[in-house]
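Structure data follow from coords07.txt (compact mmCIF, C-alpha atoms and all ligand atoms):
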```txt
# COMPACT_ATOMS: atom_id res chain seq x y z
CA MET A 1346 132.87 -162.52 9.29
CA ALA A 1347 129.27 -163.59 9.79
CA PHE A 1348 126.67 -161.01 10.81
CA ARG A 1349 125.52 -161.09 14.43
CA ALA A 1350 122.20 -160.09 15.96
CA GLY A 1351 120.43 -160.34 19.27
CA PHE A 1352 118.29 -158.88 22.02
CA VAL A 1353 120.08 -156.96 24.78
CA SER A 1354 118.08 -155.94 27.86
CA ILE A 1355 119.16 -153.09 30.08
CA ILE A 1356 118.12 -153.58 33.69
CA GLY A 1357 118.94 -151.89 36.99
CA ARG A 1358 117.53 -149.88 39.86
CA PRO A 1359 115.45 -146.74 39.19
CA ASN A 1360 117.49 -143.72 38.07
CA ALA A 1361 120.60 -145.76 37.15
CA GLY A 1362 120.52 -144.14 33.70
CA LYS A 1363 119.04 -146.96 31.60
CA SER A 1364 116.99 -144.69 29.35
CA THR A 1365 119.89 -142.24 29.00
CA LEU A 1366 122.03 -145.17 27.86
CA LEU A 1367 119.44 -146.37 25.35
CA ASN A 1368 119.15 -142.88 23.84
CA ALA A 1369 122.93 -142.37 23.82
CA LEU A 1370 123.56 -145.66 22.01
CA LEU A 1371 120.85 -144.96 19.44
CA GLY A 1372 121.68 -141.29 19.00
CA GLU A 1373 117.92 -140.63 19.17
CA LYS A 1374 115.57 -139.72 21.97
CA LEU A 1375 113.45 -142.82 22.14
CA ALA A 1376 112.96 -143.07 25.89
CA ILE A 1377 112.01 -140.14 28.08
CA VAL A 1378 114.55 -139.18 30.75
CA THR A 1379 114.02 -137.24 33.96
CA HIS A 1380 115.78 -136.95 37.30
CA LYS A 1381 112.76 -138.63 38.93
CA ALA A 1382 112.95 -142.34 39.75
CA GLN A 1383 110.54 -144.69 37.96
CA THR A 1384 110.23 -142.57 34.85
CA THR A 1385 110.14 -145.61 32.54
CA ARG A 1386 106.97 -147.71 32.85
CA THR A 1387 107.20 -150.07 29.92
CA ARG A 1388 109.78 -151.95 27.85
CA ILE A 1389 111.20 -149.75 25.12
CA LEU A 1390 112.83 -151.37 22.16
CA GLY A 1391 115.49 -149.60 20.10
CA VAL A 1392 117.25 -151.12 17.11
CA LEU A 1393 120.93 -150.31 16.62
CA GLU A 1394 122.92 -151.15 13.51
CA GLN A 1395 126.55 -151.58 14.51
CA PRO A 1396 129.13 -151.61 11.68
CA ALA A 1397 132.01 -154.09 11.63
CA THR A 1398 135.01 -152.87 13.61
CA PRO A 1399 138.66 -153.60 12.77
CA LYS A 1400 141.15 -155.25 15.12
CA THR A 1401 142.61 -152.94 17.78
CA LYS A 1402 145.47 -153.34 20.27
CA THR A 1403 143.08 -154.65 22.87
CA ARG A 1404 140.36 -156.36 20.83
CA GLU A 1405 139.89 -158.71 17.91
CA ALA A 1406 138.03 -157.47 14.81
CA LEU A 1407 134.25 -157.65 15.18
CA PRO A 1408 131.59 -158.31 12.56
CA ALA A 1409 128.66 -155.99 11.83
CA ALA A 1410 125.67 -156.59 14.07
CA GLN A 1411 122.11 -155.62 14.80
CA ILE A 1412 121.71 -154.93 18.52
CA VAL A 1413 118.10 -154.88 19.67
CA LEU A 1414 118.24 -152.87 22.90
CA VAL A 1415 115.43 -153.17 25.44
CA ASP A 1416 115.14 -150.47 28.11
CA THR A 1417 113.11 -151.52 31.15
CA PRO A 1418 111.46 -149.91 34.20
CA GLY A 1419 113.75 -149.55 37.23
CA VAL A 1420 113.67 -152.63 39.48
CA HIS A 1421 111.79 -151.85 42.70
CA LYS A 1422 109.58 -153.72 45.14
CA PRO A 1423 106.02 -153.38 43.84
CA SER A 1424 103.29 -151.87 45.97
CA THR A 1425 100.59 -150.97 43.42
CA GLN A 1426 99.17 -152.74 40.35
CA LEU A 1427 101.16 -150.29 38.23
CA ASP A 1428 104.38 -151.36 40.03
CA ARG A 1429 103.50 -155.00 39.49
CA ARG A 1430 102.92 -154.34 35.79
CA MET A 1431 106.29 -152.54 35.61
CA MET A 1432 108.09 -155.48 37.22
CA GLN A 1433 106.34 -157.86 34.81
CA GLU A 1434 107.86 -155.76 32.03
CA VAL A 1435 111.32 -156.40 33.54
CA HIS A 1436 110.67 -160.14 33.77
CA ASP A 1437 109.46 -160.21 30.15
CA ALA A 1438 112.57 -158.33 29.08
CA LEU A 1439 114.75 -160.98 30.72
CA GLU A 1440 113.16 -163.87 28.89
CA SER A 1441 115.14 -165.42 26.02
CA ARG A 1442 117.70 -162.62 25.79
CA ASP A 1443 121.13 -162.85 24.24
CA VAL A 1444 122.85 -160.41 26.60
CA VAL A 1445 121.78 -158.51 29.72
CA LEU A 1446 123.34 -155.21 30.81
CA PHE A 1447 123.07 -154.79 34.58
CA LEU A 1448 123.40 -151.06 35.09
CA VAL A 1449 124.64 -149.69 38.42
CA ASP A 1450 124.76 -146.02 39.38
CA ALA A 1451 128.44 -145.53 40.27
CA THR A 1452 127.57 -142.68 42.63
CA HIS A 1453 125.68 -145.07 44.93
CA ARG A 1454 127.58 -146.01 48.04
CA ILE A 1455 127.79 -149.63 49.15
CA HIS A 1456 125.62 -150.44 52.10
CA GLU A 1457 126.05 -153.78 53.78
CA PRO A 1458 123.25 -154.32 56.30
CA ALA A 1459 124.53 -153.27 59.77
CA PRO A 1460 124.30 -155.99 62.45
CA ARG A 1461 121.21 -155.54 64.61
CA VAL A 1462 121.90 -154.71 68.27
CA GLU A 1463 119.30 -156.20 70.57
CA GLY A 1464 117.09 -153.65 72.28
CA LYS A 1465 118.36 -150.81 70.05
CA SER A 1466 116.21 -149.63 67.17
CA PRO A 1467 118.02 -148.58 63.98
CA THR A 1468 118.60 -144.87 63.33
CA PRO A 1469 116.95 -143.29 60.24
CA SER A 1470 120.34 -143.35 58.49
CA GLU A 1471 120.78 -147.08 59.27
CA ASP A 1472 117.24 -147.65 58.06
CA LYS A 1473 118.00 -145.88 54.77
CA LYS A 1474 121.20 -147.88 54.27
CA ALA A 1475 119.42 -151.15 55.00
CA LEU A 1476 116.72 -150.22 52.49
CA SER A 1477 119.29 -149.40 49.82
CA ALA A 1478 121.10 -152.73 50.42
CA ALA A 1479 117.77 -154.55 50.20
CA GLU A 1480 116.95 -152.79 46.92
CA ASP A 1481 120.35 -153.77 45.46
CA ALA A 1482 119.72 -157.37 46.52
CA PHE A 1483 116.25 -157.25 44.97
CA ALA A 1484 117.67 -155.94 41.67
CA LEU A 1485 120.28 -158.71 41.68
CA SER A 1486 117.63 -161.32 42.38
CA MET A 1487 116.19 -160.53 38.94
CA LEU A 1488 119.27 -162.20 37.45
CA ARG A 1489 118.64 -165.48 39.28
CA ASN A 1490 117.27 -167.37 36.30
CA VAL A 1491 119.09 -165.54 33.55
CA GLU A 1492 121.15 -167.93 31.46
CA CYS A 1493 122.75 -165.53 28.96
CA PRO A 1494 125.91 -163.43 29.56
CA VAL A 1495 125.34 -160.53 31.96
CA ILE A 1496 127.61 -157.48 31.63
CA LEU A 1497 128.03 -155.29 34.72
CA VAL A 1498 127.93 -151.65 33.62
CA PHE A 1499 128.84 -148.83 36.01
CA ASN A 1500 127.21 -145.62 34.82
CA LYS A 1501 127.73 -141.94 35.78
CA ILE A 1502 131.50 -142.34 36.12
CA ASP A 1503 131.75 -138.64 35.25
CA LEU A 1504 130.57 -138.00 38.82
CA VAL A 1505 133.00 -140.22 40.74
CA LYS A 1506 136.73 -140.45 41.36
CA ARG A 1507 138.39 -143.47 39.72
CA GLU A 1508 139.79 -144.64 43.08
CA ASP A 1509 136.25 -144.79 44.52
CA LEU A 1510 135.23 -147.23 41.80
CA LEU A 1511 137.49 -150.05 42.90
CA PRO A 1512 135.62 -151.01 46.13
CA LEU A 1513 132.37 -150.73 44.18
CA ILE A 1514 133.59 -153.11 41.48
CA THR A 1515 134.87 -155.58 44.10
CA HIS A 1516 131.55 -155.42 45.95
CA TRP A 1517 129.39 -156.14 42.89
CA THR A 1518 131.60 -158.72 41.24
CA THR A 1519 131.51 -160.89 44.36
CA LYS A 1520 127.70 -160.91 44.23
CA PHE A 1521 127.28 -162.41 40.75
CA ALA A 1522 129.34 -164.07 38.01
CA PHE A 1523 129.24 -161.19 35.51
CA THR A 1524 130.79 -161.87 32.10
CA ASP A 1525 132.43 -158.46 31.92
CA THR A 1526 132.65 -155.11 33.69
CA VAL A 1527 132.44 -151.86 31.75
CA LEU A 1528 132.65 -148.27 33.03
CA ILE A 1529 130.61 -145.64 31.21
CA SER A 1530 129.04 -142.24 31.38
CA ALA A 1531 125.86 -142.44 29.33
CA ALA A 1532 125.33 -138.69 29.70
CA LYS A 1533 128.83 -137.85 28.39
CA LYS A 1534 128.81 -140.73 25.87
CA ASP A 1535 131.99 -142.03 27.44
CA GLY A 1536 132.92 -145.73 27.21
CA LEU A 1537 130.11 -146.55 24.80
CA ASP A 1538 132.37 -147.96 22.06
CA THR A 1539 133.93 -150.35 24.55
CA LEU A 1540 130.49 -151.37 25.73
CA LEU A 1541 129.26 -151.97 22.18
CA GLY A 1542 132.35 -154.10 21.47
CA ARG A 1543 131.68 -156.23 24.56
CA ILE A 1544 128.07 -156.67 23.54
CA VAL A 1545 128.88 -157.73 19.96
CA GLU A 1546 131.46 -160.22 21.29
CA GLN A 1547 128.64 -161.98 23.12
CA LEU A 1548 126.03 -161.93 20.35
CA PRO A 1549 125.31 -165.06 18.32
CA GLU A 1550 125.57 -165.25 14.56
CA ALA A 1551 122.09 -164.47 13.30
CA ASN A 1552 120.11 -162.56 10.72
CA ARG A 1553 118.52 -159.19 11.44
CA TYR A 1554 115.34 -159.26 13.54
CA PHE A 1555 114.16 -155.90 12.18
CA PRO A 1556 114.58 -154.11 8.85
CA GLU A 1557 117.80 -152.11 8.70
CA ASP A 1558 116.08 -148.70 8.87
CA GLN A 1559 113.64 -149.48 11.69
CA LEU A 1560 114.37 -147.69 14.97
CA THR A 1561 111.66 -149.08 17.24
CA ASP A 1562 108.46 -151.11 17.36
CA GLN A 1563 106.61 -148.35 19.18
CA PRO A 1564 104.27 -146.30 16.93
CA MET A 1565 104.53 -142.50 16.99
CA ARG A 1566 101.32 -141.95 18.94
CA PHE A 1567 102.77 -143.76 21.94
CA LEU A 1568 106.12 -141.95 21.71
CA ALA A 1569 104.12 -138.71 21.68
CA ALA A 1570 102.19 -139.79 24.80
CA GLU A 1571 105.51 -140.43 26.54
CA LEU A 1572 106.79 -136.97 25.63
CA ILE A 1573 103.69 -135.46 27.26
CA ARG A 1574 104.29 -137.59 30.36
CA GLU A 1575 107.91 -136.45 30.45
CA LYS A 1576 106.81 -132.81 30.66
CA ILE A 1577 104.39 -133.67 33.49
CA LEU A 1578 107.28 -135.34 35.34
CA LEU A 1579 109.47 -132.30 34.79
CA PHE A 1580 107.01 -129.53 35.62
CA THR A 1581 104.97 -130.97 38.50
CA GLY A 1582 105.99 -132.20 41.92
CA GLU A 1583 105.01 -134.52 44.76
CA GLU A 1584 102.54 -137.26 43.81
CA VAL A 1585 101.31 -135.77 40.52
CA PRO A 1586 104.04 -137.22 38.24
CA TYR A 1587 103.52 -140.72 39.64
CA ALA A 1588 99.73 -140.49 39.59
CA SER A 1589 99.61 -139.36 35.94
CA ALA A 1590 99.08 -141.48 32.85
CA VAL A 1591 98.71 -140.22 29.29
CA VAL A 1592 96.52 -141.74 26.59
CA VAL A 1593 96.36 -140.32 23.07
CA GLU A 1594 92.66 -140.39 22.17
CA LYS A 1595 92.75 -138.76 18.74
CA TRP A 1596 95.50 -138.78 16.13
CA GLU A 1597 94.79 -137.22 12.76
CA GLU A 1598 97.52 -137.43 10.16
CA PRO A 1599 97.84 -134.34 7.95
CA GLY A 1600 95.40 -134.31 5.02
CA PRO A 1601 96.42 -133.47 1.44
CA GLN A 1602 98.36 -130.20 1.36
CA ARG A 1603 97.05 -127.09 -0.39
CA LYS A 1604 99.58 -125.85 -2.92
CA PRO A 1605 101.13 -122.56 -1.71
CA LYS A 1606 100.03 -119.50 -3.68
CA LYS A 1607 102.66 -117.56 -5.62
CA GLY A 1608 105.06 -115.86 -3.23
CA GLU A 1609 103.61 -117.73 -0.25
CA GLU A 1610 106.00 -119.65 2.07
CA PRO A 1611 105.15 -123.38 2.00
CA LYS A 1612 103.88 -124.45 5.43
CA LEU A 1613 104.51 -127.77 7.08
CA PRO A 1614 101.40 -129.98 7.34
CA VAL A 1615 99.60 -130.28 10.70
CA THR A 1616 99.08 -133.43 12.78
CA LYS A 1617 96.11 -133.08 15.14
CA ILE A 1618 96.47 -134.84 18.46
CA ALA A 1619 94.18 -134.97 21.50
CA ALA A 1620 95.44 -136.64 24.66
CA ALA A 1621 93.91 -137.38 28.04
CA ILE A 1622 95.98 -137.13 31.20
CA PHE A 1623 94.58 -139.40 33.91
CA VAL A 1624 95.18 -138.56 37.56
CA GLU A 1625 93.87 -140.17 40.73
CA ARG A 1626 92.34 -137.20 42.61
CA SER A 1627 90.61 -133.91 41.85
CA GLY A 1628 93.36 -132.08 43.78
CA GLN A 1629 95.94 -133.49 41.36
CA LYS A 1630 93.74 -132.37 38.46
CA ALA A 1631 93.73 -128.83 39.87
CA ILE A 1632 97.55 -128.84 40.13
CA LEU A 1633 97.94 -130.13 36.59
CA ILE A 1634 95.63 -127.49 35.17
CA GLY A 1635 97.21 -124.73 37.26
CA LYS A 1636 96.04 -121.14 37.71
CA GLN A 1637 93.94 -120.22 34.69
CA GLY A 1638 95.27 -123.29 32.90
CA ALA A 1639 98.89 -122.09 33.10
CA MET A 1640 100.44 -125.45 34.05
CA LEU A 1641 98.60 -127.42 31.38
CA LYS A 1642 99.62 -124.79 28.84
CA GLN A 1643 103.28 -125.07 29.85
CA ILE A 1644 103.16 -128.87 29.58
CA GLY A 1645 101.34 -128.68 26.24
CA THR A 1646 103.71 -126.14 24.69
CA ALA A 1647 106.86 -128.03 25.71
CA ALA A 1648 105.43 -131.40 24.60
CA ARG A 1649 104.16 -129.96 21.29
CA LYS A 1650 107.63 -128.68 20.36
CA GLU A 1651 109.20 -132.08 20.93
CA ILE A 1652 106.42 -133.93 19.11
CA GLU A 1653 106.88 -131.55 16.16
CA ASN A 1654 110.59 -132.46 16.06
CA LEU A 1655 109.73 -136.14 16.25
CA LEU A 1656 107.14 -136.04 13.46
CA GLY A 1657 108.60 -133.34 11.24
CA THR A 1658 105.15 -131.72 10.97
CA ARG A 1659 103.42 -128.93 12.84
CA VAL A 1660 101.29 -130.25 15.68
CA PHE A 1661 97.96 -129.12 17.09
CA LEU A 1662 97.88 -130.60 20.58
CA GLU A 1663 94.86 -130.64 22.88
CA LEU A 1664 95.24 -131.91 26.45
CA PHE A 1665 92.41 -132.92 28.80
CA VAL A 1666 92.74 -133.91 32.45
CA LYS A 1667 90.52 -136.72 33.73
CA VAL A 1668 90.19 -138.18 37.22
CA LYS A 1669 90.24 -141.95 37.57
CA GLU A 1670 90.20 -142.64 41.30
CA ASP A 1671 93.17 -144.78 42.45
CA TRP A 1672 93.87 -145.98 38.92
CA ARG A 1673 97.32 -147.30 39.88
CA SER A 1674 95.62 -149.95 41.99
CA LYS A 1675 93.15 -151.01 39.28
CA LYS A 1676 94.48 -153.97 37.36
CA GLY A 1677 92.12 -153.62 34.39
CA PHE A 1678 92.90 -149.95 33.88
CA VAL A 1679 96.68 -150.43 34.29
CA GLU A 1680 96.57 -153.15 31.64
CA GLU A 1681 94.56 -150.96 29.28
CA LEU A 1682 97.30 -148.33 29.53
CA ASP A 1683 99.86 -150.72 28.05
CA TRP A 1684 100.60 -149.41 24.56
CA ARG A 1685 100.70 -152.90 23.07
CA ARG A 1686 97.18 -153.46 24.39
CA GLN A 1687 96.05 -150.06 23.09
CA LEU A 1688 97.51 -150.88 19.68
CA GLU A 1689 95.56 -154.15 19.55
CA SER A 1690 92.32 -152.31 20.39
CA LEU A 1691 93.00 -149.66 17.75
CA GLN A 1692 93.69 -152.32 15.12
CA ALA A 1693 90.55 -154.22 16.07
CA ALA A 1694 88.47 -151.01 15.82
CA GLN A 1695 89.95 -150.27 12.39
CA THR A 1696 89.20 -153.77 11.10
CA LEU A 1697 85.61 -153.46 12.36
CA LYS A 1698 85.23 -150.06 10.67
CA LYS A 1699 86.53 -151.47 7.36
CA GLU A 1700 84.17 -154.46 7.60
CA ASN A 1701 81.21 -152.13 8.26
CA GLU A 1702 82.15 -149.96 5.32
CA ALA A 1703 82.50 -152.96 2.96
N1 LIG B 1 126.00 -137.18 35.51
C1 LIG B 1 125.35 -138.16 34.88
N2 LIG B 1 123.99 -138.24 34.96
C2 LIG B 1 123.38 -139.24 34.30
C3 LIG B 1 124.10 -140.22 33.56
N3 LIG B 1 123.20 -141.09 33.05
C4 LIG B 1 121.98 -140.69 33.45
N4 LIG B 1 122.07 -139.59 34.22
C5 LIG B 1 120.96 -138.85 34.88
O1 LIG B 1 120.33 -139.72 35.79
C6 LIG B 1 118.92 -139.46 35.85
C7 LIG B 1 118.14 -140.74 35.58
O2 LIG B 1 118.37 -141.14 34.24
P1 LIG B 1 117.38 -142.11 33.46
O3 LIG B 1 118.03 -142.44 32.16
O4 LIG B 1 115.99 -141.57 33.44
O5 LIG B 1 117.42 -143.36 34.44
P2 LIG B 1 116.58 -144.73 34.36
O6 LIG B 1 117.47 -145.80 34.90
O7 LIG B 1 116.05 -144.95 32.99
O8 LIG B 1 115.42 -144.40 35.38
P3 LIG B 1 114.00 -145.17 35.66
O9 LIG B 1 113.07 -144.80 34.56
O10 LIG B 1 113.62 -144.63 36.99
O11 LIG B 1 114.28 -146.62 35.75
C8 LIG B 1 118.66 -138.34 34.82
O12 LIG B 1 118.62 -137.12 35.49
C9 LIG B 1 119.87 -138.44 33.89
O13 LIG B 1 120.18 -137.21 33.27
C10 LIG B 1 125.54 -140.10 33.49
O14 LIG B 1 126.25 -140.87 32.85
N5 LIG B 1 126.09 -139.06 34.17
```
For the structure just supplied, provide its representation as structure tokens.
Amino acid sequence: MAFRAGFVSIIGRPNAGKSTLLNALLGEKLAIVTHKAQTTRTRILGVLEQPATPKTKTREALPAAQIVLVDTPGVHKPSTQLDRRMMQEVHDALESRDVVLFLVDATHRIHEPAPRVEGKSPTPSEDKKALSAAEDAFALSMLRNVECPVILVFNKIDLVKREDLLPLITHWTTKFAFTDTVLISAAKKDGLDTLLGRIVEQLPEANRYFPEDQLTDQPMRFLAAELIREKILLFTGEEVPYASAVVVEKWEEPGPQRKPKKGEEPKLPVTKIAAAIFVERSGQKAILIGKQGAMLKQIGTAARKEIENLLGTRVFLELFVKVKEDWRSKKGFVEELDWRRQLESLQAAQTLKKENEA
């Protein structure tokens, strides 16, 4: 059977579990995950090699495939430049795809907009329901121009009773002509084989897009920046997580290793990293630093451990907090934060340095 390959974008409302699904399918932590909505800010690409699968009672045999998964920011109505940038990332991820996974949180109740009664203003609960229905409709509207197969995926089924799923499935399948419906729990890794089978069924015959051993297109320094941001999201509250952005400013690979002396334990080499955390106000800076630097230390220690696991080296991590007033509303700054843009600037600086040295 001929090899298959293609790009598969995962889209859905914030907190549906898109990043959890990406990580679960890859068996690697590529995207950061938190309980806070709008954790993911950029497209994250993960390359999955799927072996051929034999015929089963319910499915034909499937060839081996390379599935290029693309995790995206949660679909929400934009109010800042950062939001607009995030939604642009979703639109980009929907362009020339082979398959789209539309992920729905199965714990969300269905809210059809209640009819308005003249002279009576809606209660807060009605308001909330109307907002939720509008957000579902907005997420669906993203599929308007999508021409490839779209698979409806209900996630978090570990949290709901099977009988509660039926009305949910009926509701969503009347809204759009989905190719398939799959029930999963990304957190419990339940239903993933079925999902992978359904994806491969839809993929075209094609050669690999990436070398077999490549996991992502995102260089380590940007994965490290995300791990720092994840700890900020986990350890701080209110506006701080949303008003924070992380930029790695210095990244020094380990130099040549000194040979251990006789009887000395060999030590892992050290990667030196310095990162800036941008916030919008001095009050947020104070919260991030904490009493006698305690908060920044907690963030740094937790992030360092994960970056060490990622790199397989020891890590010396320095964090600085900088205030950039209202950065989320500044188009230029938001664009500079994009890791693809940062990579271009780094490459340009390196080329210039080489030319100057020549
Ligand atoms: N119980 C349960 N929790 C899950 C499951 N999948 C994800 N979660 C949790 O849901 C929350 C959101 O998960 P994420 O993977 O960050 O969701 P996301 O869709 O990427 O979120 P955004 O970045 O806001 O778009 C986290 O607390 C996850 O642990 C699941 O299958 N079962």
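For the choices A:Lys1669, A:Arg1404, A:Lys1374, A:Arg1659, the atom-to-atom distance to Gly1391 (chain A) is smallest for A:Lys1374 when using all atoms listed in the file.
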At a cut-off of 9 Å, using all atoms listed in the file, what residues contact Phe1555 (chain A)? Leave out same-chain residues fewer than 6 positions from it and give the result as a tab-separated table (two decimals) with C-alpha atoms, in the coordinates of the input.
```
chain	number	residue	atom	x	y	z
A	1392	VAL	CA	117.25	-151.12	17.11
A	1411	GLN	CA	122.11	-155.62	14.80
A	1413	VAL	CA	118.10	-154.88	19.67
A	1561	THR	CA	111.66	-149.08	17.24
```
Lys1576 (chain A) surroundings by only C-alpha atoms, 8 Å radius, close-in-sequence under 5 positions cut, as an NGL selection string: :A and (1644 or 1647-1648)
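Distances here use all atoms listed in the file; by that measure, the residue among A:Leu1485, A:Ile1544, A:Ile1455, A:Ala1347 closest to Leu1370 (chain A) is A:Ile1544.
Take the candidates A:Ala1621, A:Ala1361, A:Ile1377, A:Leu1560 and check each one against Leu1393 (chain A) using only C-alpha atoms; the shortest distance goes to A:Leu1560.
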Distance of CA of His1453 (chain A) from CA of Lys1474 (chain A), expressed in Å to one decimal place: 10.7 Å
Contacts with ligand LIG 1 (chain B) at most 6 Å, all atoms listed in the file counted, listed as a PyMOL selection string: chain A and resi 1359-1365+1378-1380+1382-1385+1418-1419+1500-1501+1503-1504+1530-1533
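Counting all atoms listed in the file, the residue from A:Ala1409, A:Leu1510, A:Ile1618, A:Ala1438 that sits nearest to Arg1649 (chain A) is A:Ile1618.
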Residue nearest Val1666 (chain A) - candidates A:His1436, A:Arg1626, A:Arg1686, A:Lys1650, atoms counted: all atoms listed in the file: A:Arg1626
Minimum-distance residue to Arg1574 (chain A), chosen among A:Lys1699, A:Lys1636, A:His1516, A:Arg1386 (using only C-alpha atoms): A:Arg1386
Between CA of Gly1357 (chain A) and CA of Val1491 (chain A) - distance in Å to one decimal: 14.1 Å
As JSON: centre and edge lengths in Å, one decimal, of the axis-aligned box holding region 1532-1540 of chain A with 4 Å per side:
```
{"center_x": 129.6, "center_y": -144.6, "center_z": 25.9, "size_x": 16.6, "size_y": 21.5, "size_z": 15.6}
```
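Taking CA of Ile1514 (chain A) and CA of Asp1481 (chain A) as endpoints, the distance between them is 13.8 Å.
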Shell around Pro1408 (chain A) at 7 Å using all atoms listed in the file, local window under 6 positions removed, as an MDAnalysis selection string: chainID A and resid 1346:1349 1397:1398
Which neighbours of Met1565 (chain A) fall inside 10 Å, counting only C-alpha atoms, when residues of the same chain fewer than 5 positions from it are skipped, and could you give them as a PDB file with C-alpha atoms, keeping the file's coordinate frame?
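Output contents, as saved in around-v3.pdb:
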```pdb
ATOM      1  CA  ALA A1570     102.190-139.790  24.800  1.00  0.00           C
ATOM      2  CA  GLU A1571     105.510-140.430  26.540  1.00  0.00           C
ATOM      3  CA  TRP A1596      95.500-138.780  16.130  1.00  0.00           C
ATOM      4  CA  ILE A1652     106.420-133.930  19.110  1.00  0.00           C
ATOM      5  CA  LEU A1655     109.730-136.140  16.250  1.00  0.00           C
ATOM      6  CA  LEU A1656     107.140-136.040  13.460  1.00  0.00           C
TER       7      LEU A1656
END
```
